[in-house]
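So the structure is just underneath, and the comments pick up after that.
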Amino acid sequence: MRAPATDRGRLLLVLAAGTAVTVFTATVPLLRDWFDLRVYHGAVDTWVHHGGRLYDYRVPGTTYGFTYPPFAAVAMLPMALLDLRAAIAVGLLLNLAALAVVVRLLTGRSWRRHGWYGCALGACALALFEPLRDTFSFGQVNLLLLALVLVDAWLLATGRERWAGAGIGLAAAVKLTPALFIGLLLLARRGRAAAVATVVALTATGFAALVAPDASRFYWTDAMWDTTRVGRLDYVSNQSLQGILARLGETDRAAWAVAVLLTLGVWAVRSRRAVAAGDWAAAFAMTGLTACLVSPITWVHHLVWLLPSFAVLVRTGHPRIAGTLYAVLCTSVVWLWFDDASGIDGFLGSNLYTWITLGLLLRLPVGQSAVARPNRARSANAIEPAPSPAPPRMVQVSSQSGPELSGETAAATGTASGPGCGFTLSASSEPTGSTRPAAPNPQSSSARASS
């Protein structure tokens, strides 16, 4: 089907796509009623105004309460000044702002080429992405953490290393899984950034211990090790390696430990290769994939960490693969095995998002660039005799800094960039939408859960 050639045709297509997305999100993915944000608000409100203990709070009628490190609660203290509706409004605005930052960093300035038409269609595509739908519907913090980490990636890629690592440190203090990015900094021999991230994480954690010593003591000695506080490991929304094993009935922690060690080994080898090739974007993308795989519980809404991988695929000239995998993650297909994940079909289908994550870790292109290929072609043609002599053309490289390198700048500086990823390493240096009826488990397709 050809794209419309007139503004009127484009407007009609955008209106049709917007209507289809609205109908889909209103009928297929059930609203999660900002359940996780209600957990945050209720826990902080009880802690501040009613003298309750932070980790004793439970959402009325459920067994689910606050599960993050104490610094997350300290960072959410302003919620105590707001009622629930105001907190929901602020949460939506923060998620929208974080999504804008993420999209800007992943696409660079390439979005400008598509104008309002491309931006409108892109917004429709983002609204269909299941992890994003659930992040907004639950009032989750995943996008905020992803934005913090990607800002660090941009700082490192553009040579602004003074504050690089602070975003990763803050993200790791709010939630444990982003701490794996400190490991990436060590693999990349970015000792200063790794030290900054570690100091920020420890400082934030220490500050929380001063503000809430009892809560900190309970979390680090008890709550952190109790996965039952979050939900069932075998629940279909858990798209991690542990989730696969739990649905197979394998409860031996040794099997999970072996799977985690093998995954970390693959990540270390591939990430070092990406760093050696100057492909910081791929290295960060694979670290996000690995964090999702090795975490004991990775609810579907945690899979917003896959977005950088799709950007890398587009940048390296694989838009069809990116589009296909992205479309699968819009379908809520894993919920077909909500009741029964047995058999071959259950093994393959109920873990489909995990297979996609694992496949991206194993096969994500490293050190490639859609911009670099035509540059190489022009270089090869340059050795042929020119039809007429001409003075050499001087290319002035702009010193203006920005979140990405343009194609011309990349060619001049020897770095790779392109549409689909806004940063490259410089050479100098929980549950989701479903059509199923309501279930009592808050991690079900229609109930709510905190994670």
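A note on labels: chains of the structure tokens are A, B, ... as shown, every chain counts residues from 1, and ligands are counted from 1 in their shown order.
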
Write out, as a Markdown table, each residue of segment 277-350 of chain A that has an atom at most 10 Å from segment 166-187 of chain A, together with the closest pair of atoms and their distance in Å to one decimal, counting only C-alpha atoms, rows going by chain and rising number.
```
| residue | atom | partner | partner_atom | distance |
| --- | --- | --- | --- | --- |
| A:Ala283 | CA | A:Leu184 | CA | 7.7 |
| A:Phe284 | CA | A:Phe181 | CA | 7.6 |
| A:Met286 | CA | A:Leu184 | CA | 9.7 |
| A:Thr287 | CA | A:Phe181 | CA | 6.5 |
| A:Gly288 | CA | A:Pro178 | CA | 7.8 |
| A:Thr290 | CA | A:Leu180 | CA | 8.4 |
| A:Ala291 | CA | A:Thr177 | CA | 5.9 |
| A:Cys292 | CA | A:Thr177 | CA | 7.9 |
| A:Val294 | CA | A:Thr177 | CA | 8.8 |
| A:Ser295 | CA | A:Thr177 | CA | 6.8 |
| A:Pro296 | CA | A:Thr177 | CA | 9.9 |
| A:Thr298 | CA | A:Thr177 | CA | 9.9 |
```

Ala120 of chain A: which residues within 9 Å, counting only C-alpha atoms, same-chain residues fewer than 5 positions away excluded, as a ChimeraX atom specification? /A:14,18,115,125

Export of prior selection with all heavy atoms as a CSV table (one decimal), in the first residue's frame:
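Done, and the output landed in part_15.csv:
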```csv
chain,number,residue,atom,x,y,z
A,14,VAL,N,-3.8,9.4,9.5
A,14,VAL,CA,-3.5,9.6,11.0
A,14,VAL,C,-4.8,9.5,11.8
A,14,VAL,O,-4.8,8.9,12.9
A,14,VAL,CB,-2.8,11.0,11.2
A,14,VAL,CG1,-2.8,11.3,12.7
A,14,VAL,CG2,-1.4,11.0,10.6
A,18,GLY,N,-5.4,6.8,14.6
A,18,GLY,CA,-5.7,7.2,15.9
A,18,GLY,C,-6.9,6.6,16.5
A,18,GLY,O,-7.0,6.1,17.6
A,115,GLY,N,8.3,15.0,9.9
A,115,GLY,CA,7.4,16.0,10.2
A,115,GLY,C,6.2,15.6,11.1
A,115,GLY,O,6.3,14.5,11.8
A,125,ALA,N,2.1,4.1,17.1
A,125,ALA,CA,2.8,2.9,17.3
A,125,ALA,C,3.3,2.7,18.7
A,125,ALA,O,3.2,1.6,19.3
A,125,ALA,CB,4.0,2.9,16.3
```

If you count only C-alpha atoms, the residue of A:Leu106, A:Val236, A:Leu132, A:Leu96 closest to Leu329 of chain A turns out to be A:Leu132

Would you please work out which residue, of A:Thr354, A:Ser332, A:Thr251, A:Thr67, is nearest to Phe129 of chain A when using only C-alpha atoms? A:Ser332

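Distances from A:Ile344, A:Cys124, A:Leu13, A:Met79 to Thr25 of chain A were compared using only C-alpha atoms, and the smallest one belongs to A:Cys124.
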
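The space between atom CA of Trp225 of chain A and atom CA of Arg53 of chain A spans 18.3 Å.
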
Give me every helix (DSSP H, G or I) residue in segment 179-347 of chain A, going by DSSP on the backbone, as a short mmCIF file (atom, residue, chain, number, x, y, z; two decimals) with N, CA and C atoms, in the first residue's frame.
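Result file part_6.cif:
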```cif
data_model
loop_
_atom_site.label_atom_id
_atom_site.label_comp_id
_atom_site.auth_asym_id
_atom_site.auth_seq_id
_atom_site.Cartn_x
_atom_site.Cartn_y
_atom_site.Cartn_z
N ALA A 179 21.53 -1.60 38.15
CA ALA A 179 22.92 -1.68 38.62
C ALA A 179 23.80 -2.44 37.63
N LEU A 180 23.20 -3.25 36.76
CA LEU A 180 23.99 -3.97 35.77
C LEU A 180 24.72 -3.00 34.83
N PHE A 181 24.18 -1.79 34.66
CA PHE A 181 24.86 -0.82 33.80
C PHE A 181 26.18 -0.36 34.40
N ILE A 182 26.33 -0.45 35.71
CA ILE A 182 27.64 -0.17 36.31
C ILE A 182 28.64 -1.22 35.83
N GLY A 183 28.18 -2.47 35.73
CA GLY A 183 29.03 -3.51 35.17
C GLY A 183 29.45 -3.20 33.75
N LEU A 184 28.54 -2.64 32.96
CA LEU A 184 28.89 -2.25 31.59
C LEU A 184 29.97 -1.18 31.59
N LEU A 185 29.85 -0.21 32.47
CA LEU A 185 30.87 0.83 32.54
C LEU A 185 32.24 0.25 32.88
N LEU A 186 32.25 -0.75 33.76
CA LEU A 186 33.52 -1.41 34.09
C LEU A 186 34.05 -2.19 32.90
N LEU A 187 33.17 -2.89 32.18
CA LEU A 187 33.61 -3.61 30.98
C LEU A 187 34.18 -2.65 29.94
N GLY A 191 36.17 3.95 34.11
CA GLY A 191 36.29 3.89 35.55
C GLY A 191 35.68 5.08 36.26
N ARG A 192 35.85 6.28 35.69
CA ARG A 192 35.29 7.47 36.34
C ARG A 192 33.78 7.38 36.39
N ALA A 193 33.15 7.03 35.27
CA ALA A 193 31.69 6.93 35.22
C ALA A 193 31.19 5.84 36.15
N ALA A 194 31.90 4.71 36.20
CA ALA A 194 31.50 3.63 37.10
C ALA A 194 31.61 4.07 38.56
N ALA A 195 32.67 4.83 38.87
CA ALA A 195 32.83 5.32 40.24
C ALA A 195 31.71 6.31 40.59
N VAL A 196 31.37 7.20 39.64
CA VAL A 196 30.30 8.16 39.89
C VAL A 196 28.98 7.43 40.14
N ALA A 197 28.69 6.44 39.30
CA ALA A 197 27.45 5.68 39.46
C ALA A 197 27.41 4.98 40.81
N THR A 198 28.51 4.37 41.18
CA THR A 198 28.56 3.65 42.47
C THR A 198 28.41 4.59 43.64
N VAL A 199 29.12 5.72 43.60
CA VAL A 199 29.04 6.69 44.70
C VAL A 199 27.63 7.26 44.82
N VAL A 200 27.01 7.59 43.68
CA VAL A 200 25.65 8.14 43.71
C VAL A 200 24.68 7.12 44.29
N ALA A 201 24.80 5.86 43.85
CA ALA A 201 23.90 4.82 44.34
C ALA A 201 24.08 4.61 45.85
N LEU A 202 25.33 4.54 46.29
CA LEU A 202 25.58 4.33 47.72
C LEU A 202 25.17 5.54 48.55
N THR A 203 25.41 6.73 48.02
CA THR A 203 25.02 7.94 48.74
C THR A 203 23.51 8.02 48.90
N ALA A 204 22.78 7.74 47.81
CA ALA A 204 21.32 7.76 47.87
C ALA A 204 20.81 6.70 48.84
N THR A 205 21.41 5.52 48.81
CA THR A 205 21.00 4.46 49.72
C THR A 205 21.32 4.82 51.16
N GLY A 206 22.49 5.42 51.39
CA GLY A 206 22.85 5.85 52.73
C GLY A 206 21.94 6.95 53.25
N PHE A 207 21.58 7.88 52.37
CA PHE A 207 20.66 8.95 52.77
C PHE A 207 19.31 8.36 53.19
N ALA A 208 18.84 7.37 52.42
CA ALA A 208 17.58 6.72 52.78
C ALA A 208 17.70 6.01 54.12
N ALA A 209 18.87 5.44 54.41
CA ALA A 209 19.07 4.77 55.70
C ALA A 209 19.01 5.76 56.86
N LEU A 210 19.46 6.99 56.63
CA LEU A 210 19.37 8.01 57.66
C LEU A 210 17.92 8.46 57.87
N VAL A 211 17.19 8.60 56.76
CA VAL A 211 15.81 9.06 56.83
C VAL A 211 14.90 7.97 57.38
N PRO A 213 15.73 4.45 58.90
CA PRO A 213 16.63 3.36 59.30
C PRO A 213 15.92 2.02 59.47
N ASP A 214 14.74 2.02 60.07
CA ASP A 214 14.03 0.75 60.27
C ASP A 214 13.61 0.14 58.94
N ALA A 215 13.08 0.96 58.03
CA ALA A 215 12.67 0.47 56.72
C ALA A 215 13.87 -0.05 55.94
N SER A 216 14.99 0.66 56.03
CA SER A 216 16.20 0.22 55.32
C SER A 216 16.69 -1.12 55.86
N ARG A 217 16.70 -1.23 57.17
CA ARG A 217 17.16 -2.48 57.77
C ARG A 217 16.27 -3.65 57.33
N PHE A 218 14.95 -3.43 57.34
CA PHE A 218 14.04 -4.50 56.95
C PHE A 218 14.18 -4.85 55.48
N TYR A 219 14.35 -3.86 54.64
CA TYR A 219 14.44 -4.15 53.21
C TYR A 219 15.69 -4.96 52.88
N TRP A 220 16.84 -4.50 53.36
CA TRP A 220 18.10 -5.14 52.96
C TRP A 220 18.32 -6.49 53.64
N THR A 221 17.64 -6.75 54.72
CA THR A 221 17.82 -8.04 55.41
C THR A 221 16.68 -9.02 55.16
N ALA A 223 13.07 -8.05 53.01
CA ALA A 223 12.17 -7.84 51.88
C ALA A 223 12.84 -8.08 50.54
N MET A 224 14.11 -7.69 50.41
CA MET A 224 14.79 -7.83 49.13
C MET A 224 14.88 -9.28 48.68
N TRP A 225 14.95 -10.20 49.61
CA TRP A 225 15.13 -11.61 49.28
C TRP A 225 13.81 -12.37 49.16
N THR A 227 10.81 -12.86 47.11
CA THR A 227 10.16 -12.60 45.83
C THR A 227 8.65 -12.76 45.90
N THR A 228 8.14 -13.44 46.93
CA THR A 228 6.70 -13.62 47.03
C THR A 228 5.99 -12.29 47.32
N ARG A 229 6.73 -11.30 47.79
CA ARG A 229 6.12 -9.99 48.01
C ARG A 229 5.71 -9.34 46.70
N LEU A 241 14.16 -15.39 32.65
CA LEU A 241 14.63 -16.77 32.68
C LEU A 241 14.01 -17.54 33.85
N GLN A 242 13.90 -16.88 34.99
CA GLN A 242 13.27 -17.50 36.15
C GLN A 242 11.81 -17.83 35.87
N GLY A 243 11.13 -16.98 35.11
CA GLY A 243 9.75 -17.24 34.75
C GLY A 243 9.61 -18.49 33.90
N ILE A 244 10.51 -18.68 32.95
CA ILE A 244 10.48 -19.89 32.11
C ILE A 244 10.64 -21.14 32.99
N LEU A 245 11.64 -21.12 33.85
CA LEU A 245 11.90 -22.29 34.70
C LEU A 245 10.72 -22.55 35.64
N ALA A 246 10.14 -21.49 36.19
CA ALA A 246 9.02 -21.67 37.11
C ALA A 246 7.82 -22.28 36.40
N ARG A 247 7.56 -21.86 35.17
CA ARG A 247 6.43 -22.43 34.43
C ARG A 247 6.70 -23.87 34.02
N ARG A 253 17.17 -23.57 42.48
CA ARG A 253 17.85 -22.30 42.24
C ARG A 253 19.16 -22.49 41.47
N ALA A 254 19.74 -23.69 41.54
CA ALA A 254 21.00 -23.93 40.83
C ALA A 254 20.80 -23.82 39.32
N ALA A 255 19.67 -24.32 38.83
CA ALA A 255 19.38 -24.25 37.39
C ALA A 255 19.27 -22.80 36.95
N TRP A 256 18.58 -21.99 37.76
CA TRP A 256 18.45 -20.56 37.43
C TRP A 256 19.81 -19.88 37.49
N ALA A 257 20.64 -20.22 38.48
CA ALA A 257 21.95 -19.61 38.60
C ALA A 257 22.82 -19.92 37.38
N VAL A 258 22.76 -21.15 36.89
CA VAL A 258 23.52 -21.52 35.69
C VAL A 258 23.05 -20.72 34.49
N ALA A 259 21.72 -20.61 34.32
CA ALA A 259 21.17 -19.84 33.20
C ALA A 259 21.60 -18.38 33.28
N VAL A 260 21.60 -17.83 34.49
CA VAL A 260 22.00 -16.43 34.68
C VAL A 260 23.48 -16.24 34.34
N LEU A 261 24.33 -17.16 34.81
CA LEU A 261 25.77 -17.04 34.53
C LEU A 261 26.06 -17.14 33.04
N LEU A 262 25.39 -18.05 32.34
CA LEU A 262 25.58 -18.17 30.90
C LEU A 262 25.14 -16.89 30.18
N THR A 263 24.00 -16.35 30.61
CA THR A 263 23.51 -15.12 29.99
C THR A 263 24.46 -13.96 30.23
N LEU A 264 24.96 -13.85 31.45
CA LEU A 264 25.92 -12.78 31.76
C LEU A 264 27.21 -12.95 30.97
N GLY A 265 27.61 -14.21 30.73
CA GLY A 265 28.80 -14.44 29.91
C GLY A 265 28.61 -13.95 28.49
N VAL A 266 27.46 -14.27 27.91
CA VAL A 266 27.16 -13.80 26.55
C VAL A 266 27.12 -12.28 26.52
N TRP A 267 26.47 -11.69 27.52
CA TRP A 267 26.39 -10.23 27.58
C TRP A 267 27.78 -9.60 27.67
N ALA A 268 28.65 -10.15 28.50
CA ALA A 268 29.98 -9.58 28.67
C ALA A 268 30.77 -9.63 27.36
N VAL A 269 30.71 -10.77 26.67
CA VAL A 269 31.46 -10.91 25.41
C VAL A 269 30.93 -9.96 24.36
N ARG A 270 29.61 -9.93 24.19
CA ARG A 270 29.02 -9.10 23.14
C ARG A 270 29.13 -7.61 23.47
N SER A 271 29.00 -7.26 24.74
CA SER A 271 29.10 -5.85 25.12
C SER A 271 30.52 -5.33 24.92
N ARG A 272 31.52 -6.15 25.27
CA ARG A 272 32.91 -5.73 25.05
C ARG A 272 33.19 -5.57 23.56
N ARG A 273 32.61 -6.44 22.75
CA ARG A 273 32.77 -6.31 21.31
C ARG A 273 32.14 -5.02 20.81
N ALA A 274 30.97 -4.68 21.36
CA ALA A 274 30.30 -3.44 20.96
C ALA A 274 31.13 -2.22 21.36
N VAL A 275 31.66 -2.24 22.57
CA VAL A 275 32.48 -1.12 23.04
C VAL A 275 33.74 -1.00 22.19
N ALA A 276 34.35 -2.13 21.87
CA ALA A 276 35.56 -2.10 21.04
C ALA A 276 35.28 -1.53 19.66
N TRP A 280 28.34 2.28 21.36
CA TRP A 280 27.82 2.44 22.73
C TRP A 280 26.33 2.14 22.78
N ALA A 281 25.62 2.48 21.72
CA ALA A 281 24.17 2.26 21.69
C ALA A 281 23.85 0.77 21.81
N ALA A 282 24.54 -0.07 21.06
CA ALA A 282 24.30 -1.51 21.12
C ALA A 282 24.68 -2.06 22.50
N ALA A 283 25.77 -1.55 23.08
CA ALA A 283 26.20 -2.03 24.39
C ALA A 283 25.14 -1.72 25.45
N PHE A 284 24.61 -0.52 25.43
CA PHE A 284 23.56 -0.17 26.38
C PHE A 284 22.29 -0.98 26.13
N ALA A 285 21.96 -1.18 24.85
CA ALA A 285 20.76 -1.95 24.53
C ALA A 285 20.87 -3.38 25.04
N MET A 286 22.02 -4.02 24.84
CA MET A 286 22.19 -5.39 25.29
C MET A 286 22.22 -5.50 26.81
N THR A 287 22.67 -4.45 27.48
CA THR A 287 22.65 -4.47 28.94
C THR A 287 21.22 -4.41 29.46
N GLY A 288 20.37 -3.62 28.82
CA GLY A 288 18.96 -3.60 29.18
C GLY A 288 18.29 -4.94 28.95
N LEU A 289 18.62 -5.59 27.83
CA LEU A 289 18.08 -6.93 27.55
C LEU A 289 18.50 -7.91 28.63
N THR A 290 19.77 -7.86 29.00
CA THR A 290 20.30 -8.81 29.97
C THR A 290 19.67 -8.60 31.35
N ALA A 291 19.48 -7.34 31.73
CA ALA A 291 18.84 -7.05 33.02
C ALA A 291 17.45 -7.66 33.09
N CYS A 292 16.71 -7.61 31.98
CA CYS A 292 15.38 -8.22 31.94
C CYS A 292 15.46 -9.74 32.07
N LEU A 293 16.46 -10.34 31.45
CA LEU A 293 16.57 -11.81 31.46
C LEU A 293 16.99 -12.34 32.83
N VAL A 294 17.94 -11.70 33.48
CA VAL A 294 18.51 -12.27 34.71
C VAL A 294 17.73 -11.86 35.96
N VAL A 300 5.81 -7.79 32.22
CA VAL A 300 5.78 -7.32 30.84
C VAL A 300 6.08 -5.83 30.75
N HIS A 301 5.60 -5.04 31.72
CA HIS A 301 5.85 -3.59 31.62
C HIS A 301 7.31 -3.24 31.83
N HIS A 302 8.12 -4.16 32.37
CA HIS A 302 9.56 -3.91 32.48
C HIS A 302 10.24 -3.93 31.11
N LEU A 303 9.58 -4.48 30.11
CA LEU A 303 10.21 -4.66 28.80
C LEU A 303 10.30 -3.38 27.99
N VAL A 304 10.04 -2.22 28.60
CA VAL A 304 10.37 -0.97 27.92
C VAL A 304 11.87 -0.89 27.68
N TRP A 305 12.65 -1.71 28.42
CA TRP A 305 14.10 -1.74 28.21
C TRP A 305 14.47 -2.34 26.86
N LEU A 306 13.50 -2.87 26.11
CA LEU A 306 13.77 -3.37 24.76
C LEU A 306 13.77 -2.27 23.72
N LEU A 307 13.24 -1.10 24.05
CA LEU A 307 13.15 -0.03 23.06
C LEU A 307 14.51 0.34 22.44
N PRO A 308 15.60 0.45 23.21
CA PRO A 308 16.89 0.75 22.58
C PRO A 308 17.32 -0.30 21.56
N SER A 309 16.94 -1.55 21.75
CA SER A 309 17.31 -2.60 20.80
C SER A 309 16.60 -2.39 19.46
N PHE A 310 15.34 -1.98 19.50
CA PHE A 310 14.63 -1.70 18.26
C PHE A 310 15.26 -0.52 17.53
N ALA A 311 15.71 0.48 18.28
CA ALA A 311 16.40 1.62 17.67
C ALA A 311 17.69 1.18 16.99
N VAL A 312 18.43 0.26 17.62
CA VAL A 312 19.66 -0.24 17.02
C VAL A 312 19.36 -1.01 15.74
N LEU A 313 18.31 -1.82 15.74
CA LEU A 313 17.94 -2.56 14.54
C LEU A 313 17.61 -1.61 13.39
N VAL A 314 16.88 -0.56 13.66
CA VAL A 314 16.54 0.41 12.61
C VAL A 314 17.80 1.12 12.13
N ARG A 315 18.65 1.52 13.05
CA ARG A 315 19.88 2.22 12.69
C ARG A 315 20.77 1.38 11.78
N PRO A 319 14.91 -2.54 9.53
CA PRO A 319 13.62 -2.04 10.01
C PRO A 319 12.52 -3.09 9.98
N ARG A 320 12.58 -4.03 9.05
CA ARG A 320 11.53 -5.06 8.98
C ARG A 320 11.60 -5.99 10.18
N ILE A 321 12.80 -6.39 10.56
CA ILE A 321 12.94 -7.24 11.75
C ILE A 321 12.47 -6.48 12.98
N ALA A 322 12.88 -5.23 13.09
CA ALA A 322 12.44 -4.41 14.23
C ALA A 322 10.93 -4.29 14.26
N GLY A 323 10.33 -4.02 13.09
CA GLY A 323 8.88 -3.87 13.02
C GLY A 323 8.14 -5.13 13.38
N THR A 324 8.66 -6.28 12.93
CA THR A 324 8.00 -7.55 13.22
C THR A 324 8.03 -7.87 14.71
N LEU A 325 9.21 -7.75 15.31
CA LEU A 325 9.33 -8.04 16.74
C LEU A 325 8.52 -7.04 17.57
N TYR A 326 8.55 -5.79 17.16
CA TYR A 326 7.78 -4.77 17.86
C TYR A 326 6.29 -5.08 17.79
N ALA A 327 5.83 -5.51 16.61
CA ALA A 327 4.41 -5.84 16.45
C ALA A 327 4.00 -6.99 17.35
N VAL A 328 4.88 -7.99 17.51
CA VAL A 328 4.56 -9.11 18.40
C VAL A 328 4.36 -8.62 19.83
N VAL A 333 0.07 -11.48 23.21
CA VAL A 333 -0.12 -12.88 22.82
C VAL A 333 0.19 -13.84 23.96
N VAL A 334 1.09 -13.48 24.87
CA VAL A 334 1.44 -14.42 25.93
C VAL A 334 0.25 -14.74 26.83
N TRP A 335 -0.74 -13.87 26.84
CA TRP A 335 -1.89 -14.09 27.71
C TRP A 335 -2.80 -15.21 27.22
N LEU A 336 -2.57 -15.69 26.01
CA LEU A 336 -3.33 -16.86 25.54
C LEU A 336 -3.05 -18.07 26.41
N TRP A 337 -1.91 -18.08 27.09
CA TRP A 337 -1.52 -19.19 27.97
C TRP A 337 -1.63 -18.79 29.43
N GLY A 343 2.71 -28.09 27.80
CA GLY A 343 2.87 -28.53 26.42
C GLY A 343 3.87 -27.69 25.65
N ILE A 344 4.15 -28.13 24.42
CA ILE A 344 5.10 -27.41 23.57
C ILE A 344 4.59 -26.02 23.25
N ASP A 345 3.30 -25.91 22.94
CA ASP A 345 2.75 -24.60 22.61
C ASP A 345 2.84 -23.66 23.80
N GLY A 346 2.60 -24.18 24.99
CA GLY A 346 2.73 -23.34 26.18
C GLY A 346 4.16 -22.93 26.44
N PHE A 347 5.10 -23.85 26.24
CA PHE A 347 6.51 -23.54 26.45
C PHE A 347 6.98 -22.44 25.50
#
```

Rank nothing, just name the residue among A:Arg8, A:Val39, A:Phe138, A:Pro70 nearest to Arg58 of chain A, using only C-alpha atoms.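 The closest residue to Arg58 of chain A is A:Val39.
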
Find, counting only C-alpha atoms, the residue in A:Gly65, A:Thr19, A:Gln239, A:Val230 that gets nearest to Leu358 of chain A.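 Distance minimum relative to Leu358 of chain A lands on A:Gln239.
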
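If you look at atom CA of Pro69 of chain A and atom CA of Leu82 of chain A, they are 21.7 Å away from each other.
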